[in-house]
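Visitor: My structure is in data.cif, and what it holds is mmCIF, C-alpha atoms and all ligand atoms:
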data_start
#
loop_
_atom_site.label_atom_id
_atom_site.label_comp_id
_atom_site.auth_asym_id
_atom_site.auth_seq_id
_atom_site.Cartn_x
_atom_site.Cartn_y
_atom_site.Cartn_z
CA MET A 1 201.59 56.64 275.05
CA LYS A 2 200.14 56.68 278.51
CA SER A 3 197.05 54.50 279.13
CA ALA A 4 194.92 53.92 282.22
CA VAL A 5 194.45 50.17 282.32
CA LEU A 6 191.88 48.48 284.54
CA TYR A 7 193.01 45.06 285.76
CA GLY A 8 189.98 44.36 287.98
CA ALA A 9 187.81 46.08 290.59
CA ARG A 10 189.52 49.37 291.57
CA ASP A 11 192.81 48.07 290.18
CA LEU A 12 193.72 50.94 287.85
CA ARG A 13 197.29 51.08 286.55
CA PHE A 14 198.98 53.65 284.34
CA GLU A 15 201.07 52.04 281.66
CA GLU A 16 203.27 53.10 278.81
CA ARG A 17 201.95 51.42 275.66
CA ALA A 18 202.62 51.60 271.92
CA VAL A 19 200.42 54.02 269.98
CA PRO A 20 197.90 51.83 268.06
CA GLU A 21 198.26 51.37 264.29
CA ALA A 22 195.44 52.64 262.09
CA GLY A 23 195.14 49.44 260.04
CA ALA A 24 193.49 49.60 256.59
CA ASP A 25 190.06 50.83 257.74
CA GLY A 26 191.03 52.51 261.01
CA VAL A 27 191.56 55.97 262.39
CA VAL A 28 193.89 56.87 265.26
CA VAL A 29 192.68 59.74 267.41
CA ARG A 30 194.75 61.81 269.83
CA VAL A 31 192.25 61.99 272.69
CA ARG A 32 191.56 65.54 273.92
CA ALA A 33 188.48 64.90 276.05
CA CYS A 34 186.83 61.76 277.40
CA GLY A 35 183.86 61.82 279.77
CA VAL A 36 183.44 59.54 282.79
CA CYS A 37 180.21 57.53 282.43
CA PRO A 38 178.25 55.23 284.79
CA THR A 39 179.05 52.41 282.34
CA ASP A 40 182.74 52.85 283.22
CA LEU A 41 181.90 52.66 286.92
CA ARG A 42 180.21 49.27 286.57
CA LYS A 43 183.56 47.89 285.45
CA TYR A 44 185.64 49.97 287.83
CA THR A 45 183.67 48.72 290.84
CA GLY A 46 183.54 45.14 289.57
CA ARG A 47 179.74 45.06 289.14
CA SER A 48 179.90 44.25 285.44
CA THR A 49 179.97 40.49 284.93
CA ARG A 50 180.99 40.68 281.29
CA ALA A 51 184.06 42.90 281.36
CA ARG A 52 187.32 41.39 280.23
CA PHE A 53 190.52 42.53 281.88
CA PRO A 54 192.88 44.17 281.41
CA LEU A 55 190.77 46.82 279.68
CA VAL A 56 191.21 50.50 278.93
CA LEU A 57 187.87 52.16 279.72
CA GLY A 58 186.56 55.43 278.28
CA HIS A 59 184.07 55.66 275.43
CA GLU A 60 182.83 59.28 275.41
CA ALA A 61 185.75 60.62 273.44
CA ALA A 62 186.78 63.41 271.11
CA GLY A 63 190.09 64.53 269.71
CA ASP A 64 192.31 65.02 266.65
CA VAL A 65 192.92 62.48 263.92
CA VAL A 66 196.64 61.70 263.73
CA ALA A 67 196.65 58.70 261.36
CA VAL A 68 194.25 57.02 258.93
CA GLY A 69 194.36 53.67 257.13
CA SER A 70 194.77 53.24 253.35
CA ASP A 71 191.05 52.47 252.84
CA VAL A 72 189.81 55.49 254.82
CA ARG A 73 188.11 58.12 252.63
CA GLY A 74 185.89 60.34 254.74
CA VAL A 75 188.31 61.63 257.34
CA GLY A 76 191.92 62.80 257.29
CA GLU A 77 194.83 63.71 259.49
CA GLY A 78 194.19 66.88 261.45
CA ASP A 79 190.40 66.53 261.46
CA ARG A 80 188.66 67.23 264.76
CA VAL A 81 186.32 64.37 265.59
CA GLY A 82 183.89 62.85 268.04
CA VAL A 83 183.88 59.08 268.46
CA ILE A 84 180.90 56.73 268.22
CA PRO A 85 181.89 54.16 270.86
CA TRP A 86 180.43 51.07 269.22
CA TRP A 87 180.22 49.66 265.74
CA PRO A 88 178.10 46.82 264.36
CA CYS A 89 179.36 44.38 261.73
CA GLY A 90 177.09 45.90 259.08
CA ARG A 91 176.68 42.54 257.32
CA CYS A 92 174.53 40.26 259.49
CA ALA A 93 170.75 39.78 259.28
CA THR A 94 170.21 42.04 262.31
CA CYS A 95 172.27 44.86 260.80
CA ARG A 96 170.37 44.51 257.50
CA LEU A 97 167.17 45.12 259.43
CA GLY A 98 168.73 48.36 260.71
CA ARG A 99 168.87 47.15 264.31
CA PHE A 100 172.56 47.97 264.57
CA ILE A 101 172.85 48.05 268.36
CA GLN A 102 171.49 44.47 268.51
CA CYS A 103 174.17 43.16 266.11
CA PRO A 104 175.56 39.89 267.53
CA ASP A 105 179.05 40.84 266.32
CA ILE A 106 179.05 44.36 267.70
CA ALA A 107 182.33 45.81 269.01
CA SER A 108 182.79 48.72 271.39
CA ILE A 109 185.56 50.73 272.98
CA GLY A 110 185.95 50.59 276.74
CA GLY A 111 183.17 48.00 277.07
CA SER A 112 180.47 50.62 276.44
CA VAL A 113 178.22 47.82 275.18
CA GLU A 114 178.30 45.01 277.73
CA ARG A 115 177.83 42.09 275.36
CA SER A 116 180.23 43.38 272.69
CA VAL A 117 183.76 42.52 271.68
CA MET A 118 185.57 44.97 273.99
CA VAL A 119 188.30 47.05 272.40
CA ASP A 120 190.56 49.33 274.43
CA GLY A 121 188.98 52.74 275.02
CA ALA A 122 189.93 56.37 275.31
CA PHE A 123 191.26 56.84 278.85
CA SER A 124 194.54 56.91 277.01
CA GLU A 125 196.51 59.39 274.95
CA TYR A 126 195.40 57.71 271.71
CA VAL A 127 192.52 55.48 270.67
CA ARG A 128 191.92 53.52 267.47
CA VAL A 129 188.46 53.05 265.95
CA PRO A 130 187.19 52.12 262.47
CA GLU A 131 186.28 54.98 260.14
CA ARG A 132 182.54 54.38 260.56
CA ALA A 133 182.86 55.22 264.25
CA ILE A 134 184.11 58.73 263.47
CA LEU A 135 182.05 61.94 263.34
CA ARG A 136 183.80 65.04 262.04
CA ILE A 137 183.08 68.21 264.00
CA GLY A 138 183.45 71.83 263.03
CA PRO A 139 185.57 74.42 264.87
CA GLU A 140 182.44 75.68 266.70
CA VAL A 141 182.15 72.39 268.63
CA SER A 142 184.65 72.00 271.47
CA TYR A 143 186.31 68.67 272.20
CA GLU A 144 184.41 68.52 275.48
CA ALA A 145 181.09 69.04 273.74
CA ALA A 146 181.99 66.48 271.08
CA SER A 147 182.72 63.91 273.77
CA PHE A 148 178.97 64.00 274.51
CA VAL A 149 177.95 62.66 271.09
CA ASP A 150 177.20 59.23 272.53
CA PRO A 151 175.25 60.15 275.69
CA LEU A 152 173.41 63.02 273.98
CA SER A 153 172.38 60.81 271.07
CA CYS A 154 171.10 58.22 273.58
CA ALA A 155 168.99 60.93 275.24
CA LEU A 156 167.77 62.08 271.81
CA ASN A 157 166.63 58.55 271.02
CA SER A 158 164.89 58.38 274.38
CA ILE A 159 163.04 61.70 273.95
CA GLU A 160 161.91 60.74 270.47
CA LEU A 161 160.39 57.52 271.80
CA CYS A 162 158.24 59.67 274.14
CA ARG A 163 156.25 61.32 271.31
CA ILE A 164 155.60 64.32 273.58
CA PRO A 165 152.90 66.65 272.24
CA ILE A 166 153.72 70.38 272.34
CA GLY A 167 152.66 71.57 275.76
CA GLY A 168 152.50 67.99 277.05
CA ASP A 169 153.73 67.12 280.51
CA VAL A 170 156.93 65.11 280.77
CA VAL A 171 158.44 63.82 283.99
CA ILE A 172 162.18 63.23 284.13
CA VAL A 173 163.21 61.13 287.11
CA GLY A 174 166.84 61.63 288.03
CA ALA A 175 168.97 64.69 287.39
CA GLY A 176 172.42 63.38 286.61
CA PRO A 177 174.11 64.42 283.37
CA LEU A 178 171.69 62.31 281.30
CA GLY A 179 168.67 63.64 283.17
CA MET A 180 169.93 67.15 282.33
CA MET A 181 170.33 66.29 278.66
CA HIS A 182 166.75 65.01 278.67
CA VAL A 183 165.62 68.31 280.23
CA GLN A 184 167.23 70.32 277.45
CA LEU A 185 165.84 68.07 274.72
CA ALA A 186 162.34 68.06 276.23
CA LYS A 187 162.50 71.85 276.26
CA LEU A 188 163.24 71.83 272.53
CA GLN A 189 160.20 69.58 272.07
CA GLY A 190 157.93 72.15 273.65
CA ALA A 191 157.14 70.09 276.72
CA ARG A 192 156.27 71.24 280.21
CA ILE A 193 159.02 69.61 282.25
CA ILE A 194 158.70 68.16 285.74
CA VAL A 195 161.94 66.91 287.30
CA SER A 196 162.00 64.55 290.26
CA ALA A 197 165.43 64.28 291.89
CA LYS A 198 166.70 63.68 295.39
CA HIS A 199 169.46 66.31 295.48
CA ALA A 200 168.39 69.95 295.89
CA GLU A 201 171.45 71.19 294.04
CA ARG A 202 170.63 69.02 291.05
CA ARG A 203 167.00 70.10 291.04
CA GLU A 204 168.10 73.73 290.88
CA MET A 205 170.45 72.96 288.00
CA ALA A 206 167.54 71.27 286.22
CA ARG A 207 165.51 74.46 286.68
CA ALA A 208 168.33 76.55 285.24
CA LEU A 209 168.40 74.28 282.18
CA GLY A 210 164.67 74.47 281.54
CA ALA A 211 162.66 72.42 284.07
CA HIS A 212 159.35 74.07 284.99
CA GLU A 213 158.41 72.10 288.11
CA LEU A 214 160.61 70.33 290.66
CA VAL A 215 159.70 67.39 292.87
CA ASP A 216 161.65 66.20 295.90
CA PRO A 217 160.83 62.46 296.04
CA VAL A 218 162.17 62.20 299.59
CA GLU A 219 159.97 64.92 301.12
CA THR A 220 156.86 64.25 299.03
CA ASP A 221 155.16 61.28 297.38
CA PRO A 222 156.34 61.75 293.78
CA ILE A 223 153.25 60.04 292.30
CA GLU A 224 150.95 62.38 294.23
CA ALA A 225 153.08 65.37 293.29
CA VAL A 226 152.88 64.54 289.56
CA ARG A 227 149.13 63.91 289.77
CA GLU A 228 148.68 67.28 291.44
CA LEU A 229 150.83 69.14 288.94
CA THR A 230 148.90 67.58 286.05
CA ASP A 231 145.38 68.17 287.43
CA GLY A 232 145.00 64.46 288.18
CA GLU A 233 145.75 63.43 284.59
CA GLY A 234 149.28 62.13 284.91
CA ALA A 235 152.08 62.88 282.46
CA ALA A 236 152.20 62.21 278.72
CA ALA A 237 155.66 60.76 279.19
CA VAL A 238 157.92 59.70 282.03
CA ILE A 239 161.62 59.06 281.55
CA VAL A 240 163.43 57.25 284.34
CA ALA A 241 167.09 58.21 284.04
CA VAL A 242 168.22 56.39 287.17
CA GLY A 243 168.63 52.64 287.59
CA ASP A 244 166.31 52.55 290.60
CA PRO A 245 163.64 49.81 290.61
CA ALA A 246 161.42 51.71 293.08
CA ALA A 247 161.44 54.78 290.84
CA GLU A 248 160.78 52.63 287.77
CA GLU A 249 157.77 51.08 289.47
CA GLN A 250 156.40 54.45 290.62
CA ALA A 251 156.78 55.85 287.11
CA VAL A 252 153.99 53.64 285.73
CA SER A 253 151.54 55.35 288.10
CA MET A 254 152.73 58.82 287.01
CA LEU A 255 151.56 58.24 283.43
CA ALA A 256 148.39 59.60 281.87
CA ASP A 257 146.27 57.28 279.72
CA ASN A 258 148.18 56.52 276.49
CA GLY A 259 151.33 57.84 278.18
CA VAL A 260 154.80 56.53 277.40
CA LEU A 261 157.25 55.34 280.04
CA VAL A 262 160.89 55.14 278.94
CA LEU A 263 163.22 53.04 281.07
CA PHE A 264 166.43 54.81 280.15
CA ALA A 265 168.94 53.52 282.71
CA GLY A 266 170.35 50.05 283.19
CA THR A 267 169.36 48.65 286.60
CA TYR A 268 171.93 46.68 288.58
CA PRO A 269 171.97 44.17 290.08
CA PRO A 270 169.35 42.65 287.73
CA THR A 271 165.90 42.71 289.32
CA THR A 272 162.17 42.80 288.57
CA ILE A 273 159.46 45.41 289.08
CA ALA A 274 155.77 44.89 289.73
CA VAL A 275 153.29 46.32 287.22
CA ASP A 276 149.52 45.97 287.42
CA PRO A 277 148.64 44.59 283.96
CA ASN A 278 145.20 46.21 284.09
CA ASP A 279 146.89 49.57 284.65
CA VAL A 280 148.50 49.07 281.24
CA HIS A 281 145.68 47.29 279.43
CA TYR A 282 142.78 49.62 280.18
CA THR A 283 144.82 52.80 279.82
CA GLN A 284 146.94 51.83 276.79
CA LYS A 285 150.06 52.96 278.61
CA VAL A 286 153.29 52.16 276.77
CA ILE A 287 156.36 50.90 278.61
CA THR A 288 159.53 50.91 276.55
CA GLY A 289 163.27 50.96 276.97
CA ALA A 290 165.75 53.30 275.31
CA PHE A 291 169.26 52.13 274.60
CA ALA A 292 171.85 53.67 272.28
CA SER A 293 170.81 55.49 269.11
CA THR A 294 170.82 55.31 265.32
CA PRO A 295 173.46 56.56 262.84
CA GLU A 296 171.03 59.29 261.80
CA GLN A 297 170.57 60.38 265.42
CA PHE A 298 174.34 60.68 265.80
CA VAL A 299 174.41 63.09 262.86
CA ARG A 300 171.60 65.19 264.35
CA THR A 301 173.33 65.15 267.73
CA VAL A 302 176.37 66.85 266.21
CA LYS A 303 174.01 69.40 264.68
CA LEU A 304 172.36 70.05 268.05
CA MET A 305 175.76 70.98 269.43
CA SER A 306 177.13 72.88 266.42
CA THR A 307 174.03 75.08 266.23
CA GLY A 308 174.02 75.73 269.99
CA LEU A 309 170.56 74.20 270.44
CA ILE A 310 171.92 72.11 273.30
CA ASP A 311 174.59 73.19 275.78
CA VAL A 312 176.37 70.12 277.09
CA GLU A 313 179.45 71.97 278.34
CA ALA A 314 177.27 73.44 281.11
CA LEU A 315 177.17 69.92 282.57
CA VAL A 316 180.94 69.60 283.06
CA THR A 317 181.84 70.32 286.68
CA HIS A 318 185.25 68.63 286.90
CA ARG A 319 188.13 68.64 284.42
CA LEU A 320 190.91 66.24 285.33
CA PRO A 321 194.14 65.00 283.75
CA LEU A 322 194.39 61.29 282.89
CA ASP A 323 196.54 60.73 285.99
CA ASP A 324 193.52 61.64 288.14
CA LEU A 325 191.09 59.23 286.47
CA GLY A 326 190.69 57.23 289.71
CA GLU A 327 189.59 60.44 291.45
CA GLY A 328 187.14 61.07 288.59
CA PHE A 329 185.61 57.64 289.17
CA GLU A 330 185.38 58.08 292.93
CA LEU A 331 183.81 61.57 292.63
CA THR A 332 181.21 60.14 290.25
CA LEU A 333 180.46 57.25 292.62
CA ASP A 334 180.03 59.76 295.46
CA GLY A 335 177.57 61.80 293.38
CA VAL A 336 179.74 64.93 293.61
CA GLY A 337 179.10 67.51 290.88
CA MET A 338 177.89 66.59 287.44
CA LYS A 339 180.04 65.40 284.49
CA LYS A 340 183.70 64.56 285.07
CA MET A 341 185.87 65.09 282.03
CA ILE A 342 189.36 63.75 281.44
CA VAL A 343 191.15 66.37 279.36
CA SER A 344 194.56 66.75 277.75
ZN ZN A 401 178.66 56.58 278.31
ZN ZN A 402 175.78 42.87 262.45
#
Show me this structure written as structure tokens.
Ligand SMILES: [Zn+2]
Ligand SMILES: [Zn+2]

Guide:
Amino acid sequence: MKSAVLYGARDLRFEERAVPEAGADGVVVRVRACGVCPTDLRKYTGRSTRARFPLVLGHEAAGDVVAVGSDVRGVGEGDRVGVIPWWPCGRCATCRLGRFIQCPDIASIGGSVERSVMVDGAFSEYVRVPERAILRIGPEVSYEAASFVDPLSCALNSIELCRIPIGGDVVIVGAGPLGMMHVQLAKLQGARIIVSAKHAERREMARALGAHELVDPVETDPIEAVRELTDGEGAAAVIVAVGDPAAEEQAVSMLADNGVLVLFAGTYPPTTIAVDPNDVHYTQKVITGAFASTPEQFVRTVKLMSTGLIDVEALVTHRLPLDDLGEGFELTLDGVGMKKMIVS
């Protein structure tokens, strides 16, 4: 099989490798779609300090099952599936508490979880994962849509942390693919959606997907703009979907009393932000992070797509063959278009 193997910063090589074996508890998937994600770019550009090389990236994958191990019960050859890109041990004290993403023995494909055991990912013709990392999808869900199960479930987790009241104001900072998924989910939650994003084209796409108000943070002071749009109250929730410390700092001041700030994006290089403790204490503002999702949220994510409640395919602007993966990375780094999808 052909695999795109990363040997170091921008050192991507295409190799012929053996198709992986299923093993007793494993499933081998013929990859049909795999999205390019900012997490991949951290390794591609050499900014990730934890990546091991050589490594096959790619963790937002969907395809057809071509082989299953002898212990596998819930999925069979020919099934169409989406892949959960990480799997906890399921046995340790942390897993028993249900905090699966914090499992010290967690594994992930393509290095999607930085501190995990990194298994080769899905920028390849085939990928092997354990059965518990498989989600079966119906014929109404395309491979491209199914490749969004991980990012969409992360956005679902994030939105649910916001506890947005119906009619409440939510600010989404950043309008990349994950910002757009937040817009669609906030719409389902009955929120009034304010999107702050630097690129005009992206703001307009946010409007098409359900945003009610748009803020250009370059032309206007985004804190002032949010205050004005909310009659001086501030927003019930702010989600920062860009790893930008200035935006993260501003977001605290966009919140209404009792509002919830979700820091959704990883911020690199590691840094600090300044927060006035009295601005949190006296107002009971909540500052939280959102990372990954729960097994139950993965199941609901598939439902969101199979019922058409969320349209993720609208976010795909580039479809590329595996041979053009390097171009997919560079386009993403340059901020061109929206989601880049490797298809076969
Ligand atoms: Zn991802
Ligand atoms: Zn564990």

Visitor: For Ser112 (chain A), which residue among A:Trp86, A:Tyr44, A:Phe14, A:Phe264 is the nearest when counting only C-alpha atoms?

Guide: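 Distance minimum relative to Ser112 (chain A) lands on A:Trp86.
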
Visitor: Go through the chains and note each residue within 12 Å of ligand ZN 402 (chain A), using all atoms listed in the file, then give the set as a ChimeraX atom specification.

Guide: /A:86-107,116

Visitor: Here is a test: counting only C-alpha atoms, which residue of A:Gly266, A:Pro54, A:Pro245, A:Gly308 is nearest to Gly289 (chain A)?

Guide: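 Closest residue, counting only C-alpha atoms: A:Gly266.
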
Visitor: Within 6 Å of ligand ZN 401 (chain A), counting all atoms listed in the file, which protein or nucleic acid residues do you find, written as number ranges by chain?

Guide: A: 37, 39, 60, 151

Visitor: For CA of Thr332 (chain A) and CA of Val226 (chain A), quote the distance in Å rounded to one decimal.

Guide: 28.7 Å

Visitor: Which value, in Å to one decimal, gives the distance between CA of Val171 (chain A) and CA of Ala241 (chain A)?

Guide: 10.3 Å

Visitor: Do you have the CA of Val242 (chain A)-CA of Gly337 (chain A) distance handy?

Guide: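 That distance, rounded to one decimal, is 16.0 Å.
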
Visitor: Find the residues with any atom within 12 Å of (157.8, 55.3, 271.9); use only C-alpha atoms and the coordinates as given in the file, and write the answer as a VMD selection string.

Guide: chain A and resid 157 to 164 236 to 239 258 to 264 285 to 290

Visitor: Which is closest to Met254 (chain A) among A:Val129, A:Leu333, A:Leu229, A:Val19, if we use all atoms listed in the file?

Guide: A:Leu229

Visitor: At a cut-off of 12 Å, can you tabulate as CSV every residue of region 10-62 of chain A near region 172-193 of chain A together with its closest atom pair and the distance in Å to one decimal, using all atoms listed in the file and ordering rows by chain then number?

Guide:
residue,atom,partner,partner_atom,distance
A:Gly35,CA,A:Pro177,CA,10.7
A:Val36,CA,A:Pro177,CA,10.5
A:Cys37,CA,A:Pro177,CA,9.3
A:Pro38,CA,A:Pro177,CA,10.2

Visitor: Please determine, counting only C-alpha atoms, which residue among A:Gly111, A:Pro270, A:Pro130, A:Pro20 has the shortest atom-to-atom distance to Arg73 (chain A).

Guide: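 Using only C-alpha atoms, Arg73 (chain A) sits closest to A:Pro130.
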
Visitor: Name the closest residue to Gln297 (chain A) among the candidates A:Ala51, A:Leu156, A:Val119, A:Ile134; distances are taken between atoms, counting only C-alpha atoms.

Guide: A:Leu156

Visitor: Smallest atom-to-atom distance to Asp11 (chain A): which of A:Val336, A:Ala24, A:Val316, A:Leu325, using only C-alpha atoms?

Guide: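 The closest residue to Asp11 (chain A) is A:Leu325.
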
Visitor: Got a sec: who's within 12 Å of Val141 (chain A), counting only C-alpha atoms, leaving out chain neighbours fewer than 5 positions off, as an mmCIF file with C-alpha atoms, keeping the file's coordinate frame?

Guide:
data_model
loop_
_atom_site.group_PDB
_atom_site.id
_atom_site.type_symbol
_atom_site.label_atom_id
_atom_site.label_comp_id
_atom_site.auth_asym_id
_atom_site.auth_seq_id
_atom_site.Cartn_x
_atom_site.Cartn_y
_atom_site.Cartn_z
ATOM 1 C CA ALA A 62 186.780 63.410 271.110
ATOM 2 C CA GLY A 63 190.090 64.530 269.710
ATOM 3 C CA ARG A 80 188.660 67.230 264.760
ATOM 4 C CA VAL A 81 186.320 64.370 265.590
ATOM 5 C CA GLY A 82 183.890 62.850 268.040
ATOM 6 C CA LEU A 135 182.050 61.940 263.340
ATOM 7 C CA ARG A 136 183.800 65.040 262.040
ATOM 8 C CA ALA A 146 181.990 66.480 271.080
ATOM 9 C CA SER A 147 182.720 63.910 273.770
ATOM 10 C CA PHE A 148 178.970 64.000 274.510
ATOM 11 C CA VAL A 149 177.950 62.660 271.090
ATOM 12 C CA THR A 301 173.330 65.150 267.730
ATOM 13 C CA VAL A 302 176.370 66.850 266.210
ATOM 14 C CA LYS A 303 174.010 69.400 264.680
ATOM 15 C CA LEU A 304 172.360 70.050 268.050
ATOM 16 C CA MET A 305 175.760 70.980 269.430
ATOM 17 C CA SER A 306 177.130 72.880 266.420
ATOM 18 C CA THR A 307 174.030 75.080 266.230
ATOM 19 C CA GLY A 308 174.020 75.730 269.990
ATOM 20 C CA LEU A 309 170.560 74.200 270.440
ATOM 21 C CA ILE A 310 171.920 72.110 273.300
ATOM 22 C CA ASP A 311 174.590 73.190 275.780
ATOM 23 C CA VAL A 312 176.370 70.120 277.090
ATOM 24 C CA GLU A 313 179.450 71.970 278.340
#
